[in-house]
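Colleague: The structure's right below; bear with me while I get my questions together.
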Amino acid sequence: MTPSYISIAQATAAELQAPGCPAEPARPAAGCAARSGARPACERRCVDRRAALAAARRAVSALDGRDGPTLELVHAPGGAALPLLRSGGTPDFTLTLSHSRGRAVAAAAEKPARIGIDLERMGRITADHTRYFTDPEERAAGIDPTMLWALKEAAWKAVGLSSDTPFLALVLELRQGALTAVRVNGTRFEATSRVWSPWPGWTAALVELEPRATRAMRLEAASPRAGAAA
Ligand SMILES: CC(C)(COP(=O)(O)OP(=O)(O)OC[C@H]1O[C@@H](n2cnc3c(N)ncnc32)[C@H](O)[C@@H]1OP(=O)(O)O)[C@@H](O)C(=O)NCCC(=O)NCCS
């Protein structure tokens, strides 16, 4: 029987500190050193990319022996990272990722799963800011503002919206703190979510649209303390 789960992974401490910058075929290949004016931003992007690739490879590998280590990511500006396998062929999985300050989380699941993930520093969003990206129904759920933002961004990615669609176009239905559905542009999707803390001070959210009843979310912990799911 085909396994049915979403594999969620993060980069390990060693991967976060590894030297070098993964190739980025869709963007200019100039190294950070050569572009001294843009160096800090370039280096930040480089460490994020490294972390994202490491997390993505682990998430894909954990999908029962798929070809994770040969995974490459093609980054389309303003679009979802497109996964490629060096062995060729179209990947038979859906991949979603999020990165920030050199850390990254990724999730993979067999197609046609519709998943989205987000990573945020805890406390990044304050209660004063929630009205800019939520409606009263969402605020009434009483969820921590950063967690609400992470859920919203993960849902936005799961739907696959374009960058000109604001978060306000998306409404999360939350019952007792848990996501049950996502509404956007007149369409309603059943949904489930998982929120956890991959590192102290960080929160991550994963959203699946139209979830399969049999599906489990399997967290690939990079360290013993990384597995705390809420
Ligand atoms: C696209 C967006 C979600 C990226 O979020 P971010 O916090 O900057 O970055 P994250 O690390 O969480 O996610 C980036 C990854 O999301 C993925 N992604 C980008 N666009 C995507 C899309 N349309 N659908 C699914 N995934 C997408 C990519 O894999 C990307 O990785 P890359 O940058 O390495 O290519 C962000 O621009 C956004 O917030 N858009 C919604 C519009 C909006 O209303 N924003 C502000 C509300 S006040």
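Chain lettering (A, B, ...) mirrors the order of the structure tokens, residue numbering begins at 1 for each chain separately, and ligand numbering begins at 1 in order of display.
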Each residue of chain A lying at most 8 Å from ligand 1 should get a row with its shortest atom-to-atom pair and the distance in Å to one decimal, counting only C-alpha atoms and all ligand atoms; could you produce that, ordered by chain and increasing number, as a tab-separated table?

Modeller:
residue	atom	partner	partner_atom_place_in_ligand_line	distance
A:Asp48	CA	ligand 1	34 (O)	7.6
A:Arg49	CA	ligand 1	34 (O)	6.1
A:Ala52	CA	ligand 1	34 (O)	7.0
A:Val74	CA	ligand 1	35 (O)	7.7
A:His75	CA	ligand 1	35 (O)	4.6
A:Ala76	CA	ligand 1	35 (O)	6.1
A:Pro77	CA	ligand 1	35 (O)	6.4
A:Gly78	CA	ligand 1	20 (N)	5.2
A:Gly79	CA	ligand 1	20 (N)	3.7
A:Ala80	CA	ligand 1	27 (C)	3.5
A:Ala81	CA	ligand 1	29 (O)	3.8
A:Leu82	CA	ligand 1	29 (O)	7.3
A:Thr96	CA	ligand 1	29 (O)	6.0
A:Leu97	CA	ligand 1	29 (O)	5.2
A:Ser98	CA	ligand 1	11 (O)	3.5
A:His99	CA	ligand 1	11 (O)	3.7
A:Ser100	CA	ligand 1	11 (O)	5.8
A:Ala104	CA	ligand 1	11 (O)	7.5
A:Gly116	CA	ligand 1	25 (C)	6.8
A:Ile117	CA	ligand 1	12 (O)	7.2
A:Asp118	CA	ligand 1	12 (O)	4.9
A:Leu119	CA	ligand 1	12 (O)	5.9
A:Glu120	CA	ligand 1	12 (O)	7.7
A:Tyr132	CA	ligand 1	48 (S)	6.1
A:Phe133	CA	ligand 1	48 (S)	5.2
A:Glu153	CA	ligand 1	3 (C)	5.5
A:Ala154	CA	ligand 1	3 (C)	7.6
A:Trp156	CA	ligand 1	3 (C)	6.7
A:Lys157	CA	ligand 1	25 (C)	3.7
A:Ala158	CA	ligand 1	25 (C)	6.2
A:Val159	CA	ligand 1	24 (N)	7.0
A:Gly160	CA	ligand 1	24 (N)	3.9
A:Leu161	CA	ligand 1	23 (N)	4.8
A:Ser162	CA	ligand 1	23 (N)	4.7
A:Ser163	CA	ligand 1	42 (C)	5.1
A:Asp164	CA	ligand 1	42 (C)	6.3
A:Thr165	CA	ligand 1	42 (C)	5.6
A:Pro166	CA	ligand 1	44 (O)	3.2
A:Phe167	CA	ligand 1	44 (O)	3.9
A:Leu168	CA	ligand 1	44 (O)	6.7

Colleague: Running DSSP on the backbone, which parts of stretch 114-188 of chain A land in strand (DSSP E), as a list of chain:residue names?

Modeller: A:Arg114, A:Ile115, A:Gly116, A:Ile117, A:Asp118, A:Leu119, A:Glu120, A:Arg121, A:Leu170, A:Val171, A:Leu172, A:Glu173, A:Leu174, A:Arg175, A:Ala178, A:Leu179, A:Thr180, A:Ala181, A:Val182, A:Arg183, A:Val184, A:Thr187, A:Arg188

Colleague: Grab the atom CA of A:Ala107 to atom CA of A:Ser7 distance for me, in Å with one decimal place.

Modeller: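 Interatomic distance here is 5.4 Å.
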
Colleague: Give me the residues near A:Asp135 as a VMD selection string, where near means some atom within 10 Å (using only C-alpha atoms) and where sequence neighbours in that chain fewer than 2 positions away do not count.

Modeller: chain A and resid 130 to 133 137 to 140 167 to 172

Colleague: Near A:Phe93, within 6 Å and counting only C-alpha atoms, which residues show up once chain neighbours fewer than 5 positions away are dropped, as number ranges by chain?

Modeller: A: 109-111

Colleague: Using the selection just defined, write its residues with C-alpha atoms as a tab-separated table (two decimals), in the first residue's frame.

Modeller:
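This is the output file result-v7.tsv:
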chain	number	residue	atom	x	y	z
A	109	ALA	CA	4.03	14.84	0.20
A	110	GLU	CA	2.95	12.74	-2.72
A	111	LYS	CA	1.12	14.58	-5.46

Colleague: At a cut-off of 12 Å, using only C-alpha atoms, what residues contact A:Ala11? Leave out same-chain residues fewer than 6 positions from it and give the result as number ranges by chain.

Modeller: A: 17-18, 47-59, 97-100, 102-107, 198-199, 220-223, 226

Colleague: So how many Å separate atom CA of A:Gly142 and atom CA of A:Thr126, to one decimal?

Modeller: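 Distance between the two atoms: 12.8 Å.
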
Colleague: So that I can check the surroundings of A:Leu85, please list as a count of residues only every protein, DNA and RNA residue that reaches within 8 Å of it, counting only C-alpha atoms and ignoring chain neighbours fewer than 3 positions away.

Modeller: 8

Colleague: Looking only at the backbone, which of the residues in stretch 8-174 of chain A does DSSP tag as helix (DSSP H, G or I), as a PyMOL selection string?

Modeller: chain A and resi 13-17+36-61+68-70+127-132+136-139+145-159+167-169

Colleague: Determine the nearest neighbour of A:Cys21 from the options A:Pro145, A:Arg212, A:Arg44, A:Ile6, counting only C-alpha atoms.

Modeller: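 The shortest atom-to-atom distance to A:Cys21 comes from A:Arg44.
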
Colleague: Measuring between only C-alpha atoms, which one of A:Thr146, A:Thr180, A:Ser61, A:Thr12 shows the shortest distance to A:Ser193?

Modeller: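 Closest to A:Ser193 of all the choices is A:Thr180.
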
Colleague: List as an mmCIF file with C-alpha atoms, in the first residue's frame the protein and nucleic acid residues near A:Leu179, meaning an atom at most 9 Å away when only C-alpha atoms are counted, but skip any in the same chain fewer than 2 places from it.

Modeller:
data_model
loop_
_atom_site.group_PDB
_atom_site.id
_atom_site.type_symbol
_atom_site.label_atom_id
_atom_site.label_comp_id
_atom_site.auth_asym_id
_atom_site.auth_seq_id
_atom_site.Cartn_x
_atom_site.Cartn_y
_atom_site.Cartn_z
ATOM 1 C CA LEU A 151 -0.912 29.795 9.398
ATOM 2 C CA LEU A 172 -9.007 30.988 7.814
ATOM 3 C CA GLU A 173 -11.799 29.134 9.580
ATOM 4 C CA LEU A 174 -10.527 28.217 13.024
ATOM 5 C CA ARG A 175 -12.316 26.092 15.580
ATOM 6 C CA GLN A 176 -10.910 25.843 19.094
ATOM 7 C CA GLY A 177 -7.576 27.098 17.799
ATOM 8 C CA ALA A 181 -11.035 25.415 6.316
ATOM 9 C CA VAL A 182 -9.638 28.164 4.097
ATOM 10 C CA GLU A 190 -11.305 21.874 3.960
ATOM 11 C CA ALA A 191 -7.953 22.164 5.709
ATOM 12 C CA THR A 192 -5.807 20.861 8.529
ATOM 13 C CA SER A 193 -2.732 22.349 10.101
ATOM 14 C CA ARG A 194 0.156 21.610 12.360
ATOM 15 C CA VAL A 207 -1.303 23.650 6.181
#
